[in-house]
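Note: the block below is data.pdb and it holds PDB, C-alpha atoms.
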ATOM      1  CA  MET A   1      25.132 -60.974 -28.342
ATOM      2  CA  SER A   2      24.723 -57.481 -26.977
ATOM      3  CA  ILE A   3      21.791 -56.510 -24.788
ATOM      4  CA  ALA A   4      19.540 -53.535 -25.620
ATOM      5  CA  LEU A   5      19.948 -51.229 -22.617
ATOM      6  CA  LEU A   6      17.686 -48.209 -22.147
ATOM      7  CA  ILE A   7      18.770 -45.450 -19.756
ATOM      8  CA  VAL A   8      15.910 -43.146 -18.745
ATOM      9  CA  ASP A   9      16.595 -39.961 -16.781
ATOM     10  CA  ASP A  10      15.741 -36.300 -17.348
ATOM     11  CA  SER A  11      19.087 -35.261 -15.905
ATOM     12  CA  GLY A  12      21.902 -35.261 -18.448
ATOM     13  CA  PHE A  13      24.366 -35.445 -15.598
ATOM     14  CA  SER A  14      22.646 -38.481 -14.178
ATOM     15  CA  ARG A  15      22.667 -40.270 -17.542
ATOM     16  CA  LYS A  16      26.388 -39.542 -17.932
ATOM     17  CA  ALA A  17      27.054 -40.802 -14.410
ATOM     18  CA  MET A  18      25.118 -43.972 -15.244
ATOM     19  CA  LEU A  19      27.106 -44.527 -18.466
ATOM     20  CA  LYS A  20      30.367 -44.161 -16.542
ATOM     21  CA  SER A  21      29.200 -46.588 -13.862
ATOM     22  CA  LEU A  22      28.161 -49.490 -16.087
ATOM     23  CA  PRO A  23      30.258 -52.659 -15.757
ATOM     24  CA  GLU A  24      33.031 -52.289 -18.348
ATOM     25  CA  SER A  25      32.768 -55.839 -19.624
ATOM     26  CA  TRP A  26      28.999 -55.643 -20.177
ATOM     27  CA  ASP A  27      28.166 -55.898 -23.892
ATOM     28  CA  VAL A  28      25.299 -53.427 -24.339
ATOM     29  CA  GLU A  29      23.678 -51.401 -27.102
ATOM     30  CA  ILE A  30      22.668 -48.180 -25.318
ATOM     31  CA  THR A  31      19.651 -45.963 -25.964
ATOM     32  CA  GLN A  32      18.930 -42.886 -23.826
ATOM     33  CA  ALA A  33      15.570 -41.298 -23.055
ATOM     34  CA  THR A  34      14.904 -38.065 -21.165
ATOM     35  CA  ASN A  35      11.322 -38.700 -20.078
ATOM     36  CA  GLY A  36       8.772 -41.475 -19.763
ATOM     37  CA  GLU A  37       7.138 -40.925 -23.163
ATOM     38  CA  GLU A  38      10.481 -41.258 -24.951
ATOM     39  CA  ALA A  39      11.162 -44.357 -22.882
ATOM     40  CA  LEU A  40       7.923 -46.042 -23.940
ATOM     41  CA  GLU A  41       8.601 -45.202 -27.603
ATOM     42  CA  ALA A  42      12.035 -46.822 -27.348
ATOM     43  CA  LEU A  43      10.562 -49.837 -25.569
ATOM     44  CA  ARG A  44       7.981 -50.346 -28.314
ATOM     45  CA  LYS A  45      10.879 -50.463 -30.806
ATOM     46  CA  GLY A  46      12.546 -53.182 -28.761
ATOM     47  CA  LEU A  47      15.343 -50.903 -27.552
ATOM     48  CA  GLY A  48      14.993 -51.778 -23.894
ATOM     49  CA  GLU A  49      15.519 -55.384 -22.889
ATOM     50  CA  VAL A  50      17.005 -53.927 -19.731
ATOM     51  CA  VAL A  51      15.860 -50.524 -18.463
ATOM     52  CA  LEU A  52      17.501 -48.285 -15.864
ATOM     53  CA  LEU A  53      14.600 -46.015 -14.959
ATOM     54  CA  ASP A  54      14.427 -42.731 -13.023
ATOM     55  CA  LEU A  55      11.136 -41.879 -11.273
ATOM     56  CA  THR A  56      10.814 -38.091 -11.006
ATOM     57  CA  MET A  57      10.685 -36.825 -14.590
ATOM     58  CA  PRO A  58       8.658 -34.337 -16.649
ATOM     59  CA  VAL A  59       6.005 -35.390 -19.235
ATOM     60  CA  LEU A  60       5.626 -38.925 -17.906
ATOM     61  CA  ASP A  61       7.288 -40.165 -14.737
ATOM     62  CA  GLY A  62       8.798 -43.558 -13.991
ATOM     63  CA  PHE A  63       5.620 -44.884 -12.367
ATOM     64  CA  GLY A  64       3.844 -44.080 -15.647
ATOM     65  CA  VAL A  65       6.474 -45.985 -17.623
ATOM     66  CA  LEU A  66       6.004 -49.072 -15.440
ATOM     67  CA  GLU A  67       2.232 -48.833 -15.926
ATOM     68  CA  GLY A  68       2.751 -48.482 -19.699
ATOM     69  CA  ILE A  69       5.001 -51.549 -19.776
ATOM     70  CA  ARG A  70       2.385 -53.524 -17.860
ATOM     71  CA  ASP A  71      -0.619 -52.271 -19.867
ATOM     72  CA  GLU A  72       1.008 -52.771 -23.265
ATOM     73  CA  GLY A  73       2.498 -56.104 -22.289
ATOM     74  CA  LEU A  74       6.040 -54.960 -23.162
ATOM     75  CA  GLN A  75       8.914 -57.218 -22.157
ATOM     76  CA  ALA A  76      11.579 -55.466 -20.122
ATOM     77  CA  LYS A  77      13.717 -56.051 -17.071
ATOM     78  CA  VAL A  78      13.435 -52.778 -15.174
ATOM     79  CA  VAL A  79      15.672 -51.492 -12.402
ATOM     80  CA  VAL A  80      14.416 -48.225 -10.910
ATOM     81  CA  VAL A  81      17.191 -45.757 -10.063
ATOM     82  CA  SER A  82      15.819 -42.904  -8.019
ATOM     83  CA  ALA A  83      16.303 -40.373  -5.240
ATOM     84  CA  ASP A  84      12.693 -40.928  -4.165
ATOM     85  CA  ILE A  85      13.538 -43.125  -1.205
ATOM     86  CA  GLN A  86      10.096 -43.365   0.393
ATOM     87  CA  PRO A  87       9.479 -46.973   1.391
ATOM     88  CA  LYS A  88       6.100 -46.654  -0.343
ATOM     89  CA  ALA A  89       7.779 -45.592  -3.596
ATOM     90  CA  LYS A  90       9.968 -48.720  -3.515
ATOM     91  CA  LEU A  91       6.995 -50.914  -2.746
ATOM     92  CA  ARG A  92       4.989 -49.316  -5.520
ATOM     93  CA  VAL A  93       7.615 -49.841  -8.240
ATOM     94  CA  ILE A  94       8.120 -53.461  -7.234
ATOM     95  CA  THR A  95       4.343 -53.989  -7.313
ATOM     96  CA  LEU A  96       4.307 -52.444 -10.790
ATOM     97  CA  GLY A  97       6.837 -54.996 -11.974
ATOM     98  CA  ALA A  98      10.287 -53.485 -11.446
ATOM     99  CA  LEU A  99      12.920 -56.057 -10.439
ATOM    100  CA  ALA A 100      14.789 -53.797  -8.042
ATOM    101  CA  PHE A 101      15.281 -50.318  -6.652
ATOM    102  CA  LEU A 102      18.681 -48.618  -6.699
ATOM    103  CA  GLN A 103      19.017 -45.535  -4.537
ATOM    104  CA  LYS A 104      20.665 -42.355  -5.828
ATOM    105  CA  PRO A 105      23.437 -41.405  -5.506
ATOM    106  CA  PHE A 106      24.615 -44.727  -6.905
ATOM    107  CA  ASN A 107      28.135 -45.807  -7.813
ATOM    108  CA  LYS A 108      29.827 -48.565  -9.822
ATOM    109  CA  GLU A 109      29.649 -50.979  -6.904
ATOM    110  CA  SER A 110      25.999 -50.456  -5.988
ATOM    111  CA  LEU A 111      24.987 -50.675  -9.652
ATOM    112  CA  ALA A 112      27.010 -53.870 -10.210
ATOM    113  CA  ALA A 113      25.464 -55.411  -7.080
ATOM    114  CA  VAL A 114      21.899 -54.710  -8.161
ATOM    115  CA  LEU A 115      22.518 -56.018 -11.697
ATOM    116  CA  ALA A 116      23.948 -59.209 -10.230
ATOM    117  CA  ASP A 117      21.078 -59.589  -7.720
ATOM    118  CA  CYS A 118      18.532 -59.347 -10.520
ATOM    119  CA  GLU A 119      20.545 -61.835 -12.587
ATOM    120  CA  ILE A 120      20.824 -59.249 -15.345
ATOM    121  CA  TYR A 121      24.598 -59.180 -15.492
ATOM    122  CA  ARG A 122      27.343 -60.564 -13.338
ATOM    123  CA  GLU A 123      30.972 -59.579 -13.805
ATOM    124  CA  ASP A 124      33.338 -62.548 -13.921
TER     125      ASP A 124
ATOM    126  CA  MET B 125      33.054  -8.159  -8.089
ATOM    127  CA  LYS B 126      30.301  -9.790 -10.025
ATOM    128  CA  THR B 127      29.960 -13.504  -9.384
ATOM    129  CA  GLU B 128      29.778 -15.669 -12.431
ATOM    130  CA  ALA B 129      26.580 -17.653 -12.734
ATOM    131  CA  LEU B 130      26.777 -21.434 -12.808
ATOM    132  CA  ASN B 131      27.362 -22.803 -16.282
ATOM    133  CA  GLU B 132      25.078 -25.338 -17.884
ATOM    134  CA  GLU B 133      27.019 -28.341 -16.666
ATOM    135  CA  GLU B 134      27.276 -27.051 -13.088
ATOM    136  CA  ASN B 135      23.576 -26.295 -13.165
ATOM    137  CA  GLU B 136      22.821 -29.837 -14.253
ATOM    138  CA  ILE B 137      24.923 -31.329 -11.457
ATOM    139  CA  LEU B 138      23.303 -28.987  -8.932
ATOM    140  CA  GLN B 139      19.872 -30.063 -10.083
ATOM    141  CA  GLU B 140      20.760 -33.698  -9.512
ATOM    142  CA  VAL B 141      22.275 -32.969  -6.089
ATOM    143  CA  ILE B 142      19.073 -31.128  -5.157
ATOM    144  CA  ASN B 143      17.001 -33.983  -6.527
ATOM    145  CA  ILE B 144      18.721 -36.270  -4.042
ATOM    146  CA  GLY B 145      18.215 -33.792  -1.168
ATOM    147  CA  MET B 146      14.567 -33.450  -2.147
ATOM    148  CA  GLY B 147      14.150 -37.228  -2.126
ATOM    149  CA  GLN B 148      15.460 -37.367   1.430
ATOM    150  CA  ALA B 149      13.146 -34.524   2.492
ATOM    151  CA  GLY B 150      10.168 -36.221   0.808
ATOM    152  CA  ALA B 151      10.907 -39.460   2.628
ATOM    153  CA  SER B 152      11.074 -37.606   5.958
ATOM    154  CA  LEU B 153       7.713 -35.955   5.285
ATOM    155  CA  ALA B 154       6.196 -39.272   4.203
ATOM    156  CA  LYS B 155       7.364 -40.861   7.432
ATOM    157  CA  LEU B 156       6.124 -38.012   9.622
ATOM    158  CA  LEU B 157       2.647 -37.953   8.103
ATOM    159  CA  ASP B 158       2.439 -41.606   7.050
ATOM    160  CA  VAL B 159       1.436 -40.622   3.517
ATOM    161  CA  PHE B 160       2.781 -40.885  -0.013
ATOM    162  CA  VAL B 161       4.500 -37.709  -1.207
ATOM    163  CA  ASN B 162       4.601 -36.787  -4.872
ATOM    164  CA  LEU B 163       7.860 -35.136  -5.863
ATOM    165  CA  SER B 164       8.403 -32.858  -8.837
ATOM    166  CA  VAL B 165      11.492 -31.978 -10.838
ATOM    167  CA  PRO B 166      13.475 -29.314  -8.947
ATOM    168  CA  ARG B 167      13.972 -25.933 -10.592
ATOM    169  CA  VAL B 168      17.115 -23.859 -10.371
ATOM    170  CA  SER B 169      17.611 -20.323 -11.635
ATOM    171  CA  TRP B 170      19.953 -17.392 -11.205
ATOM    172  CA  VAL B 171      18.031 -14.256 -10.303
ATOM    173  CA  ASN B 172      18.635 -10.633  -9.415
ATOM    174  CA  GLY B 173      18.002 -10.002  -5.738
ATOM    175  CA  ASP B 174      15.104  -7.685  -6.637
ATOM    176  CA  ASP B 175      13.507 -10.260  -8.895
ATOM    177  CA  PHE B 176      13.313 -12.974  -6.302
ATOM    178  CA  VAL B 177       9.836 -12.140  -5.020
ATOM    179  CA  THR B 178       8.437 -11.820  -8.563
ATOM    180  CA  GLN B 179       9.960 -15.145  -9.586
ATOM    181  CA  VAL B 180       8.525 -16.994  -6.605
ATOM    182  CA  ALA B 181       5.129 -15.351  -7.132
ATOM    183  CA  LYS B 182       5.197 -16.781 -10.676
ATOM    184  CA  LEU B 183       5.910 -20.277  -9.362
ATOM    185  CA  VAL B 184       2.732 -20.284  -7.258
ATOM    186  CA  GLU B 185       0.572 -18.287  -9.675
ATOM    187  CA  GLY B 186      -2.974 -19.567 -10.004
ATOM    188  CA  GLN B 187      -2.683 -21.789  -6.932
ATOM    189  CA  GLY B 188      -4.420 -19.435  -4.519
ATOM    190  CA  ASP B 189      -3.848 -16.024  -2.995
ATOM    191  CA  SER B 190      -3.466 -16.860   0.630
ATOM    192  CA  TRP B 191      -0.359 -18.579   1.946
ATOM    193  CA  ALA B 192       1.454 -19.451   5.120
ATOM    194  CA  GLY B 193       5.200 -19.036   5.106
ATOM    195  CA  VAL B 194       8.071 -20.100   7.321
ATOM    196  CA  ARG B 195      11.571 -18.754   6.920
ATOM    197  CA  GLN B 196      14.731 -20.521   7.987
ATOM    198  CA  ALA B 197      18.188 -19.093   7.450
ATOM    199  CA  PHE B 198      21.245 -21.277   6.943
ATOM    200  CA  TYR B 199      24.889 -20.388   7.176
ATOM    201  CA  ASN B 200      28.495 -21.648   7.260
ATOM    202  CA  GLN B 201      30.066 -22.735   3.929
ATOM    203  CA  LEU B 202      26.733 -22.312   2.204
ATOM    204  CA  GLU B 203      24.533 -19.436   3.267
ATOM    205  CA  GLY B 204      21.110 -18.213   2.416
ATOM    206  CA  GLU B 205      17.460 -18.382   3.277
ATOM    207  CA  ALA B 206      14.895 -21.118   2.841
ATOM    208  CA  PHE B 207      11.161 -20.501   2.735
ATOM    209  CA  ALA B 208       8.511 -23.142   3.052
ATOM    210  CA  ILE B 209       5.267 -21.889   1.557
ATOM    211  CA  TYR B 210       2.047 -23.696   2.372
ATOM    212  CA  GLY B 211      -1.386 -23.254   0.805
ATOM    213  CA  ALA B 212      -4.236 -22.253   3.138
ATOM    214  CA  ASN B 213      -6.119 -25.567   2.928
ATOM    215  CA  GLY B 214      -2.895 -27.450   3.312
ATOM    216  CA  CYS B 215      -2.384 -26.127   6.839
ATOM    217  CA  GLN B 216      -5.699 -27.541   7.970
ATOM    218  CA  GLN B 217      -5.016 -30.860   6.325
ATOM    219  CA  LEU B 218      -1.622 -30.992   7.942
ATOM    220  CA  ALA B 219      -3.225 -30.399  11.336
ATOM    221  CA  GLY B 220      -5.671 -33.224  10.610
ATOM    222  CA  LEU B 221      -2.922 -35.633   9.576
ATOM    223  CA  MET B 222      -0.943 -34.842  12.691
ATOM    224  CA  GLY B 223      -3.989 -35.376  14.895
ATOM    225  CA  TYR B 224      -4.449 -31.779  16.037
ATOM    226  CA  GLU B 225      -8.152 -31.817  16.660
ATOM    227  CA  ASP B 226      -8.898 -28.465  18.192
ATOM    228  CA  GLU B 227      -8.327 -25.896  15.456
ATOM    229  CA  ASN B 228      -8.493 -23.046  17.910
ATOM    230  CA  GLU B 229      -5.738 -24.267  20.065
ATOM    231  CA  ASP B 230      -3.423 -21.293  20.469
ATOM    232  CA  GLY B 231      -0.276 -21.500  18.422
ATOM    233  CA  ALA B 232      -0.789 -25.144  17.490
ATOM    234  CA  GLU B 233      -0.890 -24.490  13.773
ATOM    235  CA  GLU B 234       2.208 -22.330  13.853
ATOM    236  CA  GLU B 235       4.069 -24.894  15.878
ATOM    237  CA  LEU B 236       3.171 -27.539  13.346
ATOM    238  CA  LEU B 237       4.353 -25.387  10.425
ATOM    239  CA  LEU B 238       7.642 -24.795  12.223
ATOM    240  CA  ASP B 239       8.164 -28.500  12.833
ATOM    241  CA  VAL B 240       7.368 -29.539   9.290
ATOM    242  CA  THR B 241       9.539 -26.778   7.832
ATOM    243  CA  ASN B 242      12.440 -27.723  10.059
ATOM    244  CA  ILE B 243      12.222 -31.308   8.814
ATOM    245  CA  LEU B 244      11.892 -30.430   5.123
ATOM    246  CA  VAL B 245      14.555 -27.728   5.025
ATOM    247  CA  GLY B 246      16.921 -29.736   7.193
ATOM    248  CA  ALA B 247      16.634 -32.955   5.201
ATOM    249  CA  CYS B 248      16.852 -31.238   1.834
ATOM    250  CA  LEU B 249      19.779 -28.924   2.530
ATOM    251  CA  VAL B 250      21.715 -31.417   4.636
ATOM    252  CA  GLY B 251      21.250 -33.860   1.755
ATOM    253  CA  VAL B 252      22.723 -31.302  -0.631
ATOM    254  CA  ALA B 253      25.554 -30.251   1.697
ATOM    255  CA  ASN B 254      26.601 -33.825   2.478
ATOM    256  CA  GLN B 255      26.947 -34.758  -1.155
ATOM    257  CA  ILE B 256      29.174 -31.812  -1.918
ATOM    258  CA  SER B 257      31.051 -32.071   1.406
ATOM    259  CA  LYS B 258      30.170 -28.613   2.685
ATOM    260  CA  LYS B 259      29.352 -27.542   6.215
ATOM    261  CA  LEU B 260      25.958 -26.152   7.001
ATOM    262  CA  ASP B 261      24.232 -24.790  10.103
ATOM    263  CA  PHE B 262      20.671 -23.648  10.598
ATOM    264  CA  ALA B 263      18.963 -20.843  12.470
ATOM    265  CA  ALA B 264      15.633 -21.608  14.105
ATOM    266  CA  PRO B 265      12.699 -21.270  11.699
ATOM    267  CA  THR B 266      10.216 -18.424  12.148
ATOM    268  CA  VAL B 267       6.674 -18.042  10.870
ATOM    269  CA  VAL B 268       6.645 -15.014   8.571
ATOM    270  CA  GLY B 269       2.906 -14.984   8.051
ATOM    271  CA  VAL B 270      -0.286 -17.000   7.835
ATOM    272  CA  GLY B 271      -3.116 -16.216   5.395
ATOM    273  CA  LYS B 272      -1.053 -13.631   3.515
ATOM    274  CA  PRO B 273      -0.374 -12.853  -0.137
ATOM    275  CA  ILE B 274       2.894 -14.335  -1.324
ATOM    276  CA  HIS B 275       4.934 -11.120  -1.598
ATOM    277  CA  GLU B 276       4.289 -10.261   2.047
ATOM    278  CA  LEU B 277       5.876 -13.521   3.117
ATOM    279  CA  LEU B 278       9.053 -13.060   1.140
ATOM    280  CA  TYR B 279       9.773  -9.402   1.626
ATOM    281  CA  SER B 280      12.939  -8.536   3.467
ATOM    282  CA  ARG B 281      14.528  -5.168   3.798
ATOM    283  CA  ASP B 282      17.815  -6.745   4.872
ATOM    284  CA  ARG B 283      18.436  -8.837   1.802
ATOM    285  CA  GLU B 284      21.267  -7.086   0.052
ATOM    286  CA  TRP B 285      22.383  -9.572  -2.564
ATOM    287  CA  ASP B 286      22.632  -8.347  -6.114
ATOM    288  CA  GLN B 287      22.155 -11.832  -7.412
ATOM    289  CA  CYS B 288      21.257 -15.146  -5.930
ATOM    290  CA  LEU B 289      20.561 -18.715  -6.804
ATOM    291  CA  LEU B 290      16.878 -19.614  -6.585
ATOM    292  CA  ILE B 291      16.034 -23.258  -6.006
ATOM    293  CA  GLU B 292      12.476 -24.545  -5.889
ATOM    294  CA  VAL B 293      11.181 -27.973  -5.014
ATOM    295  CA  ASN B 294       7.598 -28.946  -4.536
ATOM    296  CA  PHE B 295       6.007 -31.563  -2.318
ATOM    297  CA  CYS B 296       2.382 -32.549  -2.567
ATOM    298  CA  LEU B 297       0.452 -35.373  -1.033
ATOM    299  CA  GLU B 298      -1.283 -37.895  -3.181
ATOM    300  CA  GLU B 299      -4.504 -37.411  -1.241
ATOM    301  CA  GLY B 300      -5.930 -33.974  -0.513
ATOM    302  CA  ASP B 301      -4.816 -30.407  -0.983
ATOM    303  CA  PHE B 302      -1.623 -30.198   0.986
ATOM    304  CA  SER B 303       1.300 -28.864  -0.956
ATOM    305  CA  CYS B 304       4.497 -27.194   0.044
ATOM    306  CA  HIS B 305       6.812 -25.143  -2.104
ATOM    307  CA  LEU B 306      10.273 -25.123  -0.704
ATOM    308  CA  VAL B 307      12.183 -22.134  -2.016
ATOM    309  CA  MET B 308      15.842 -21.683  -1.267
ATOM    310  CA  LEU B 309      17.980 -18.665  -1.940
ATOM    311  CA  MET B 310      21.707 -18.948  -1.874
ATOM    312  CA  SER B 311      23.869 -15.868  -1.622
ATOM    313  CA  GLU B 312      26.514 -14.885  -4.131
ATOM    314  CA  ALA B 313      29.107 -15.560  -1.466
ATOM    315  CA  SER B 314      28.129 -19.251  -1.436
ATOM    316  CA  ILE B 315      28.437 -19.762  -5.153
ATOM    317  CA  GLU B 316      32.169 -20.459  -5.217
ATOM    318  CA  GLN B 317      31.808 -22.984  -2.388
ATOM    319  CA  LEU B 318      28.925 -24.558  -4.211
ATOM    320  CA  ARG B 319      30.868 -24.662  -7.465
ATOM    321  CA  SER B 320      33.893 -26.382  -5.916
ATOM    322  CA  GLY B 321      31.612 -28.907  -4.230
ATOM    323  CA  LEU B 322      29.787 -29.683  -7.463
ATOM    324  CA  VAL B 323      33.015 -30.282  -9.351
ATOM    325  CA  GLN B 324      34.134 -32.658  -6.628
ATOM    326  CA  PHE B 325      30.801 -34.491  -6.732
ATOM    327  CA  MET B 326      31.067 -34.866 -10.507
ATOM    328  CA  GLU B 327      34.586 -36.239 -10.253
ATOM    329  CA  SER B 328      33.367 -38.978  -7.927
ATOM    330  CA  TYR B 329      31.874 -40.677 -11.003
TER     331      TYR B 329
END

Please lay out the structure from this file as structure tokens.
Amino acid sequence: MSIALLIVDDSGFSRKAMLKSLPESWDVEITQATNGEEALEALRKGLGEVVLLDLTMPVLDGFGVLEGIRDEGLQAKVVVVSADIQPKAKLRVITLGALAFLQKPFNKESLAAVLADCEIYRED
Amino acid sequence: MKTEALNEEENEILQEVINIGMGQAGASLAKLLDVFVNLSVPRVSWVNGDDFVTQVAKLVEGQGDSWAGVRQAFYNQLEGEAFAIYGANGCQQLAGLMGYEDENEDGAEEELLLDVTNILVGACLVGVANQISKKLDFAAPTVVGVGKPIHELLYSRDREWDQCLLIEVNFCLEEGDFSCHLVMLMSEASIEQLRSGLVQFMESY
């Protein structure tokens, strides 16, 4: 059964790069969101079992999305994918419930490794 | 010959490359001051040389009328000027965070602004240049003014570019008033280098 995957990033380029870097054998139903508000709407509709979440975004940022997930009791496995590499930013997203932090720029290998570490998807 | 502006796709890639440079600069600032730095979405636009000052004035509109500015030129495969613009209260807060206790100490504030600018500009632009495999060197930063209106900080009679790329990123601290607008201008001559680097970066995905 395919997994509902939500990709959240204000950068169209970044979303495209993410799509190209997903493990090819991973059976996913993809939804894209360009800011945190759109992400929460998609999550409420059950479109994000797994979320790849950017932090720096207009309208509502990634920290806000994590707070929304927590406050509304939404179920989602979240991996934060961001260029904000402050140790305190990493600590903060993990405290807010994210499973892992993937640093930008990412590639196929670093994405596959983080998905495997979080036991979200492992390529055979 | 008139240089062609970046197209929408190139602009989008540039924005992401800058986002990554900004993240590295933010982390350097966070480490220096031992604080949490809030980042904002970088802005990129193509402006006429004459419009540059007006555009930057718009970016800081309503945030005060007295600023401190530091200019740092960069050159090699990418060339241009970077300005770090600090709000008046921010300078004092910065001094406090860095443990400068005597406000009247001669030149201490300027020295601090130079150091912080060097770190922010260096981390951000080196971050950009590394991703697109371009070489970059820096001139030493200079304080262009303290407690001045914005246009006085940015004025240059030597800037002769018809058009340039204007990049703005913004750092503010979670606590207190400190904020820094980092404004970068890239010359027309750099655009083709930039373009080739961006295409290469895109193809790495």

Item checked: Check: which chain B residues lie within 7 Å of chain A using all atoms listed in the file, as a list in words -> Glu136, Ile137, Glu140, Asn143, Ile144, Gly147, Gln148, Ala151, Ala154, Phe160, Leu163, Ser164, Val165 and Tyr329 of chain B

Per-axis box centre and lengths in Å around range 192-195 of chain B, 6 Å margin per side, axis-aligned, as lines of an AutoDock Vina configuration file:
center_x = 6.5
center_y = -19.4
center_z = 6.2
size_x = 22.1
size_y = 13.3
size_z = 14.2

Note to self: So that I can check the surroundings of range 210-218 of chain B, please list as a list in words every protein, DNA and RNA residue that reaches within 9 Å of it, counting all atoms listed in the file and ignoring chain neighbours fewer than 2 positions away.
What the structure shows: Leu157, Gln187, Gly188, Asp189, Ser190, Trp191, Ala192, Gly193, Val194, Ala208, Gly220, Leu221, Met222, Gly223, Tyr224, Glu227, Glu233, Leu236, Leu237, Val270, Gly271, Gly300, Asp301, Phe302, Ser303, Cys304, His305 and Leu306 of chain B

Item checked: Selection result for the PyMOL selection byres ((chain A and resi 60) around 10) on this file, as a ChimeraX atom specification -> /A:34-40,55-59,61-65

Written selection (C-alpha atoms) as a tab-separated table (two decimals), in the coordinates of the input:
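Dumped to out25.tsv:
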chain	number	residue	atom	x	y	z
A	34	THR	CA	14.90	-38.06	-21.16
A	35	ASN	CA	11.32	-38.70	-20.08
A	36	GLY	CA	8.77	-41.48	-19.76
A	37	GLU	CA	7.14	-40.92	-23.16
A	38	GLU	CA	10.48	-41.26	-24.95
A	39	ALA	CA	11.16	-44.36	-22.88
A	40	LEU	CA	7.92	-46.04	-23.94
A	55	LEU	CA	11.14	-41.88	-11.27
A	56	THR	CA	10.81	-38.09	-11.01
A	57	MET	CA	10.68	-36.83	-14.59
A	58	PRO	CA	8.66	-34.34	-16.65
A	59	VAL	CA	6.00	-35.39	-19.24
A	61	ASP	CA	7.29	-40.16	-14.74
A	62	GLY	CA	8.80	-43.56	-13.99
A	63	PHE	CA	5.62	-44.88	-12.37
A	64	GLY	CA	3.84	-44.08	-15.65
A	65	VAL	CA	6.47	-45.98	-17.62

Notebook entry, point to check: At a cut-off of 7 Å from (4.9, -33.8, -0.4) in the coordinates of the file, what residues are picked up using only C-alpha atoms, written as a ChimeraX atom specification?
Noted result: /B:150,153,161-163,294-297,303-304

Item checked: Selection under test: the PyMOL selection byres ((chain A and resi 93) around 10); residues as a ChimeraX atom specification -> /A:55,62-63,66-67,78-80,88-92,94-101

Save range 36-47 of chain A to a file: C-alpha atoms, as a tab-separated table (two decimals), in the first residue's frame.
chain	number	residue	atom	x	y	z
A	36	GLY	CA	3.24	25.83	6.61
A	37	GLU	CA	-0.47	26.67	6.40
A	38	GLU	CA	-0.88	24.57	3.25
A	39	ALA	CA	1.05	21.80	4.98
A	40	LEU	CA	-1.28	21.75	7.98
A	41	GLU	CA	-4.34	21.71	5.70
A	42	ALA	CA	-2.94	18.69	3.86
A	43	LEU	CA	-2.08	16.99	7.14
A	44	ARG	CA	-5.63	17.44	8.44
A	45	LYS	CA	-6.84	15.65	5.28
A	46	GLY	CA	-4.54	12.74	6.03
A	47	LEU	CA	-2.19	13.53	3.15
